[in-house]
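Peer 1: Structure provided below as structure tokens; questions to follow.
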Amino acid sequence: MEIAAVIVTYNRQALLEQCLQAVVQQKPVAPDILVFDNASSDGTQQMMQQKYTESFIRYYRSEKNLGGAGGFCRAIEMAVSLGYKKLWIMDDDTLPQQAALQRLLAADSAQEGAYGFLGSRVLWKDGQPCVMNRQRDTIFRDVPDTAQGLTPVVMSSFVSLFLDAARVRELGLPIEDFFIWCDDWEYTRRISLRYPCYLVPDSIVIHAMQSNTPVNIATDAPGRLDRYRYFYRNDVVLFRREGPVGWAYLVVKDLWHSLQVLWSGRQRLKKLGIIWSGFFRGVFFFPAIRRLSPGGEETQN
């Protein structure tokens, strides 16, 4: 067993099926597939058990929704424990273009494995750059959309991330306790602090999310506001590792978001409370990083 496409899904049956079809069509050889289902209630389980019974597809269903962070933590752990050497990680609304994996493998070969992770270029459904999935070449700055050739990066999303299982064994798993948001940035930054990491611009995937807009508490729908509690808390864990510069970035960013909330004129007090309660919760939040021992057993630190 060499390569596993690791897909985490939750209540997006139709998009998951498109994702699976795109992965199966990869050339010259499609990878094995591991689907981790976060307790979907939309028929995903029935679809997987009835339509995707091939031996190269493994399906796991959680008894409860662990969030994206928990899903990726458990799915990556499973893939490594099963003996896969390379992992290709993605959300269920990721649609890899036909040569996406081939280009990642070419970069892997050219670097002779001497890297932390490789990320694909992520476009939206209209072919424009997906603003939520731009990699960063510093902890504060996005990679230019015009980047060509193998491009150094320090943070990337889980929308088409390629890495060696050895990195997981060495540096641990994504932080399950994040639940949602920042798990991919924290994990890729953890890796890039130890190894050079790269964007592979000619490996292209489509992120079939509903809209191509950045995350913004000031303008988001009222029903989505509570999830920002995780965003502002987890952000502290990510950036405090950068020292005084990271703390300064956090404070300036949250002040800027607060100003945007005040300008928006809607639910100001609730939004400001989410930003700053999340920040202060993050100051005292020290989640464990789960690790796998050389024999595959789980440890914590």
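In the structure tokens, the first chain shown is A, the next is B, and so on; residue numbers restart at 1 for each chain, and ligands run from 1 in the order shown.
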Hey, what does DSSP flag as strand (DSSP E or B) within segment 119-201 of chain A? Can you give it to me as JSON, numbers by chain?

Peer 2: {"A": [119, 120, 121, 122, 123, 129, 136, 142, 151, 152, 153, 155, 161, 162, 163, 164, 197, 198, 199, 200, 201]}

Peer 1: For the contact check between segment 184-219 of chain A and segment 154-173 of chain A, emit one row per residue of segment 184-219 of chain A within 9 Å, containing the shortest atom pair and the distance in Å rounded to one decimal, counting only C-alpha atoms, chain then rising number order, as a Markdown table.

Peer 2:
| residue | atom | partner | partner_atom | distance |
| --- | --- | --- | --- | --- |
| A:Asp184 | CA | A:Ser157 | CA | 5.2 |
| A:Trp185 | CA | A:Met155 | CA | 5.4 |
| A:Glu186 | CA | A:Met155 | CA | 7.8 |
| A:Tyr187 | CA | A:Leu173 | CA | 7.6 |
| A:Thr188 | CA | A:Met155 | CA | 5.2 |
| A:Arg189 | CA | A:Met155 | CA | 5.2 |
| A:Arg190 | CA | A:Leu171 | CA | 7.5 |
| A:Ile191 | CA | A:Leu171 | CA | 7.1 |
| A:Ser192 | CA | A:Val154 | CA | 5.3 |
| A:Leu193 | CA | A:Val154 | CA | 7.8 |
| A:Pro196 | CA | A:Val154 | CA | 7.9 |
| A:Cys197 | CA | A:Val154 | CA | 6.4 |
| A:Tyr198 | CA | A:Val154 | CA | 7.8 |
| A:Leu199 | CA | A:Ser156 | CA | 8.4 |
| A:Ile204 | CA | A:Ser160 | CA | 8.8 |
| A:Val205 | CA | A:Ser160 | CA | 7.2 |
| A:Ile206 | CA | A:Val159 | CA | 8.9 |
| A:His207 | CA | A:Val159 | CA | 7.3 |

Peer 1: Can those selected residues be exported to a file as a short mmCIF file (atom, residue, chain, number, x, y, z; two decimals), in the first residue's frame so that it contains C-alpha atoms?

Peer 2:
data_model
loop_
_atom_site.label_atom_id
_atom_site.label_comp_id
_atom_site.auth_asym_id
_atom_site.auth_seq_id
_atom_site.Cartn_x
_atom_site.Cartn_y
_atom_site.Cartn_z
CA ASP A 184 -4.96 22.75 8.87
CA TRP A 185 -2.95 25.95 9.35
CA GLU A 186 -1.65 24.85 12.74
CA TYR A 187 -0.68 21.44 11.37
CA THR A 188 1.05 22.71 8.25
CA ARG A 189 2.85 25.41 10.24
CA ARG A 190 4.02 22.74 12.68
CA ILE A 191 5.50 20.89 9.72
CA SER A 192 7.01 23.95 8.00
CA LEU A 193 8.89 24.90 11.17
CA PRO A 196 10.75 23.15 3.61
CA CYS A 197 7.23 23.00 2.18
CA TYR A 198 5.89 23.90 -1.24
CA LEU A 199 2.96 24.93 -3.38
CA ILE A 204 -4.94 22.05 -9.60
CA VAL A 205 -8.09 21.28 -7.63
CA ILE A 206 -11.49 22.94 -7.54
CA HIS A 207 -12.98 23.78 -4.14
#

Peer 1: Looking only at the backbone, which of the residues in segment 116-241 of chain A does DSSP tag as helix (DSSP H, G or I), as a VMD selection string?

Peer 2: chain A and resid 131 to 133 165 to 171 176 to 178 183 to 192 222 to 240

Peer 1: Show me, as a PyMOL selection string, the residues that have an atom within 7 Å of Pro201 of chain A when counting only C-alpha atoms, minus same-chain residues fewer than 4 positions from it.

Peer 2: chain A and resi 120-121+147-150

Peer 1: Find the residues around Gly70 of chain A up to 9 Å (only C-alpha atoms counted), leave out those fewer than 2 positions away in its own chain, and share them as a PDB file with all heavy atoms, in the first residue's frame.

Peer 2:
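The resulting around-v1.pdb:
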ATOM      1  N   ASN A  38     -18.192  11.984   9.367  1.00  0.00           N
ATOM      2  CA  ASN A  38     -18.446  12.585  10.677  1.00  0.00           C
ATOM      3  C   ASN A  38     -19.919  12.467  11.074  1.00  0.00           C
ATOM      4  O   ASN A  38     -20.586  13.457  11.375  1.00  0.00           O
ATOM      5  CB  ASN A  38     -18.026  14.057  10.664  1.00  0.00           C
ATOM      6  CG  ASN A  38     -16.764  14.309  11.463  1.00  0.00           C
ATOM      7  OD1 ASN A  38     -16.527  13.676  12.476  1.00  0.00           O
ATOM      8  ND2 ASN A  38     -15.955  15.252  11.007  1.00  0.00           N
ATOM      9  N   ASN A  65     -20.318  13.599  15.448  1.00  0.00           N
ATOM     10  CA  ASN A  65     -19.594  14.573  14.649  1.00  0.00           C
ATOM     11  C   ASN A  65     -18.413  15.110  15.450  1.00  0.00           C
ATOM     12  O   ASN A  65     -18.603  15.804  16.460  1.00  0.00           O
ATOM     13  CB  ASN A  65     -20.525  15.710  14.232  1.00  0.00           C
ATOM     14  CG  ASN A  65     -19.833  16.747  13.372  1.00  0.00           C
ATOM     15  OD1 ASN A  65     -18.689  16.569  12.957  1.00  0.00           O
ATOM     16  ND2 ASN A  65     -20.530  17.839  13.096  1.00  0.00           N
ATOM     17  N   LEU A  66     -17.210  14.816  15.006  1.00  0.00           N
ATOM     18  CA  LEU A  66     -15.997  15.268  15.681  1.00  0.00           C
ATOM     19  C   LEU A  66     -15.486  16.596  15.132  1.00  0.00           C
ATOM     20  O   LEU A  66     -14.424  17.064  15.547  1.00  0.00           O
ATOM     21  CB  LEU A  66     -14.902  14.208  15.539  1.00  0.00           C
ATOM     22  CG  LEU A  66     -15.248  12.808  16.050  1.00  0.00           C
ATOM     23  CD1 LEU A  66     -14.131  11.830  15.709  1.00  0.00           C
ATOM     24  CD2 LEU A  66     -15.496  12.841  17.551  1.00  0.00           C
ATOM     25  N   GLY A  67     -16.229  17.197  14.208  1.00  0.00           N
ATOM     26  CA  GLY A  67     -15.756  18.409  13.550  1.00  0.00           C
ATOM     27  C   GLY A  67     -14.698  18.064  12.514  1.00  0.00           C
ATOM     28  O   GLY A  67     -14.167  16.947  12.485  1.00  0.00           O
ATOM     29  N   GLY A  68     -14.384  19.040  11.684  1.00  0.00           N
ATOM     30  CA  GLY A  68     -13.351  18.798  10.684  1.00  0.00           C
ATOM     31  C   GLY A  68     -12.019  18.416  11.301  1.00  0.00           C
ATOM     32  O   GLY A  68     -11.319  17.521  10.814  1.00  0.00           O
ATOM     33  N   PHE A  72     -10.170  14.870  10.540  1.00  0.00           N
ATOM     34  CA  PHE A  72      -8.857  14.739   9.915  1.00  0.00           C
ATOM     35  C   PHE A  72      -7.858  14.058  10.844  1.00  0.00           C
ATOM     36  O   PHE A  72      -7.019  13.267  10.402  1.00  0.00           O
ATOM     37  CB  PHE A  72      -8.344  16.104   9.463  1.00  0.00           C
ATOM     38  CG  PHE A  72      -8.933  16.557   8.165  1.00  0.00           C
ATOM     39  CD1 PHE A  72      -9.787  17.655   8.121  1.00  0.00           C
ATOM     40  CD2 PHE A  72      -8.657  15.887   6.992  1.00  0.00           C
ATOM     41  CE1 PHE A  72     -10.347  18.067   6.922  1.00  0.00           C
ATOM     42  CE2 PHE A  72      -9.214  16.284   5.779  1.00  0.00           C
ATOM     43  CZ  PHE A  72     -10.072  17.379   5.755  1.00  0.00           C
ATOM     44  N   CYS A  73      -7.937  14.360  12.130  1.00  0.00           N
ATOM     45  CA  CYS A  73      -7.060  13.700  13.088  1.00  0.00           C
ATOM     46  C   CYS A  73      -7.248  12.187  13.034  1.00  0.00           C
ATOM     47  O   CYS A  73      -6.285  11.419  12.890  1.00  0.00           O
ATOM     48  CB  CYS A  73      -7.330  14.234  14.492  1.00  0.00           C
ATOM     49  SG  CYS A  73      -6.369  13.433  15.790  1.00  0.00           S
ATOM     50  N   ARG A  74      -8.502  11.736  13.120  1.00  0.00           N
ATOM     51  CA  ARG A  74      -8.781  10.307  13.138  1.00  0.00           C
ATOM     52  C   ARG A  74      -8.475   9.654  11.781  1.00  0.00           C
ATOM     53  O   ARG A  74      -7.947   8.532  11.717  1.00  0.00           O
ATOM     54  CB  ARG A  74     -10.244  10.070  13.502  1.00  0.00           C
ATOM     55  CG  ARG A  74     -10.648  10.594  14.876  1.00  0.00           C
ATOM     56  CD  ARG A  74     -10.024   9.812  16.013  1.00  0.00           C
ATOM     57  NE  ARG A  74     -10.468  10.323  17.304  1.00  0.00           N
ATOM     58  CZ  ARG A  74     -11.536   9.881  17.966  1.00  0.00           C
ATOM     59  NH1 ARG A  74     -12.277   8.910  17.451  1.00  0.00           N
ATOM     60  NH2 ARG A  74     -11.866  10.403  19.142  1.00  0.00           N
ATOM     61  N   ALA A  75      -8.817  10.347  10.691  1.00  0.00           N
ATOM     62  CA  ALA A  75      -8.609   9.764   9.366  1.00  0.00           C
ATOM     63  C   ALA A  75      -7.123   9.608   9.043  1.00  0.00           C
ATOM     64  O   ALA A  75      -6.695   8.591   8.495  1.00  0.00           O
ATOM     65  CB  ALA A  75      -9.293  10.635   8.311  1.00  0.00           C
ATOM     66  N   PRO A 174      -3.106  16.292  13.494  1.00  0.00           N
ATOM     67  CA  PRO A 174      -3.816  17.567  13.708  1.00  0.00           C
ATOM     68  C   PRO A 174      -4.492  17.578  15.078  1.00  0.00           C
ATOM     69  O   PRO A 174      -4.801  16.529  15.642  1.00  0.00           O
ATOM     70  CB  PRO A 174      -4.853  17.573  12.570  1.00  0.00           C
ATOM     71  CG  PRO A 174      -4.272  16.682  11.519  1.00  0.00           C
ATOM     72  CD  PRO A 174      -3.534  15.607  12.263  1.00  0.00           C
ATOM     73  N   ILE A 175      -4.729  18.767  15.604  1.00  0.00           N
ATOM     74  CA  ILE A 175      -5.282  18.901  16.957  1.00  0.00           C
ATOM     75  C   ILE A 175      -6.786  18.648  16.930  1.00  0.00           C
ATOM     76  O   ILE A 175      -7.568  19.474  16.452  1.00  0.00           O
ATOM     77  CB  ILE A 175      -4.975  20.290  17.543  1.00  0.00           C
ATOM     78  CG1 ILE A 175      -3.459  20.470  17.694  1.00  0.00           C
ATOM     79  CG2 ILE A 175      -5.660  20.466  18.891  1.00  0.00           C
ATOM     80  CD1 ILE A 175      -3.037  21.842  18.181  1.00  0.00           C
ATOM     81  N   GLU A 176      -7.186  17.504  17.456  1.00  0.00           N
ATOM     82  CA  GLU A 176      -8.596  17.108  17.450  1.00  0.00           C
ATOM     83  C   GLU A 176      -9.460  18.079  18.241  1.00  0.00           C
ATOM     84  O   GLU A 176     -10.605  18.362  17.880  1.00  0.00           O
ATOM     85  CB  GLU A 176      -8.734  15.698  18.016  1.00  0.00           C
ATOM     86  CG  GLU A 176     -10.142  15.170  18.012  1.00  0.00           C
ATOM     87  CD  GLU A 176     -10.216  13.700  18.369  1.00  0.00           C
ATOM     88  OE1 GLU A 176      -9.163  13.090  18.614  1.00  0.00           O
ATOM     89  OE2 GLU A 176     -11.339  13.166  18.400  1.00  0.00           O
ATOM     90  N   ASP A 177      -8.931  18.623  19.331  1.00  0.00           N
ATOM     91  CA  ASP A 177      -9.721  19.495  20.211  1.00  0.00           C
ATOM     92  C   ASP A 177     -10.056  20.847  19.584  1.00  0.00           C
ATOM     93  O   ASP A 177     -10.853  21.603  20.151  1.00  0.00           O
ATOM     94  CB  ASP A 177      -8.982  19.717  21.531  1.00  0.00           C
ATOM     95  CG  ASP A 177      -8.961  18.474  22.401  1.00  0.00           C
ATOM     96  OD1 ASP A 177      -9.782  17.566  22.159  1.00  0.00           O
ATOM     97  OD2 ASP A 177      -8.117  18.395  23.312  1.00  0.00           O
ATOM     98  N   PHE A 178      -9.474  21.173  18.436  1.00  0.00           N
ATOM     99  CA  PHE A 178      -9.864  22.407  17.746  1.00  0.00           C
ATOM    100  C   PHE A 178     -11.322  22.335  17.277  1.00  0.00           C
ATOM    101  O   PHE A 178     -11.975  23.344  17.136  1.00  0.00           O
ATOM    102  CB  PHE A 178      -8.962  22.643  16.541  1.00  0.00           C
ATOM    103  CG  PHE A 178      -7.698  23.397  16.827  1.00  0.00           C
ATOM    104  CD1 PHE A 178      -7.306  23.690  18.113  1.00  0.00           C
ATOM    105  CD2 PHE A 178      -6.882  23.819  15.784  1.00  0.00           C
ATOM    106  CE1 PHE A 178      -6.138  24.395  18.372  1.00  0.00           C
ATOM    107  CE2 PHE A 178      -5.709  24.535  16.031  1.00  0.00           C
ATOM    108  CZ  PHE A 178      -5.348  24.820  17.328  1.00  0.00           C
ATOM    109  N   PHE A 179     -11.807  21.163  16.964  1.00  0.00           N
ATOM    110  CA  PHE A 179     -13.134  20.874  16.434  1.00  0.00           C
ATOM    111  C   PHE A 179     -13.275  21.400  15.001  1.00  0.00           C
ATOM    112  O   PHE A 179     -13.395  20.610  14.073  1.00  0.00           O
ATOM    113  CB  PHE A 179     -14.259  21.409  17.321  1.00  0.00           C
ATOM    114  CG  PHE A 179     -15.615  20.893  16.910  1.00  0.00           C
ATOM    115  CD1 PHE A 179     -15.939  19.566  17.106  1.00  0.00           C
ATOM    116  CD2 PHE A 179     -16.552  21.712  16.310  1.00  0.00           C
ATOM    117  CE1 PHE A 179     -17.180  19.057  16.706  1.00  0.00           C
ATOM    118  CE2 PHE A 179     -17.796  21.229  15.911  1.00  0.00           C
ATOM    119  CZ  PHE A 179     -18.102  19.900  16.113  1.00  0.00           C
ATOM    120  N   ILE A 180     -13.292  22.697  14.798  1.00  0.00           N
ATOM    121  CA  ILE A 180     -13.268  23.247  13.441  1.00  0.00           C
ATOM    122  C   ILE A 180     -12.327  24.453  13.425  1.00  0.00           C
ATOM    123  O   ILE A 180     -12.088  25.089  14.451  1.00  0.00           O
ATOM    124  CB  ILE A 180     -14.657  23.688  12.933  1.00  0.00           C
ATOM    125  CG1 ILE A 180     -15.296  24.709  13.884  1.00  0.00           C
ATOM    126  CG2 ILE A 180     -15.554  22.496  12.711  1.00  0.00           C
ATOM    127  CD1 ILE A 180     -16.550  25.351  13.324  1.00  0.00           C
TER     128      ILE A 180
END

Peer 1: Using only C-alpha atoms, which of A:Ser293, A:Gln97, A:Thr44, A:Gln18 sits nearest Gly127 of chain A?

Peer 2: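 Among the listed residues, the smallest separation from Gly127 of chain A belongs to A:Gln97.
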
Peer 1: With only C-alpha atoms as the atoms that count, which of A:Leu269, A:Gln21, A:Leu101, A:Ile274 lies nearest to Gly119 of chain A?

Peer 2: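 Nearest to Gly119 of chain A: A:Leu101.
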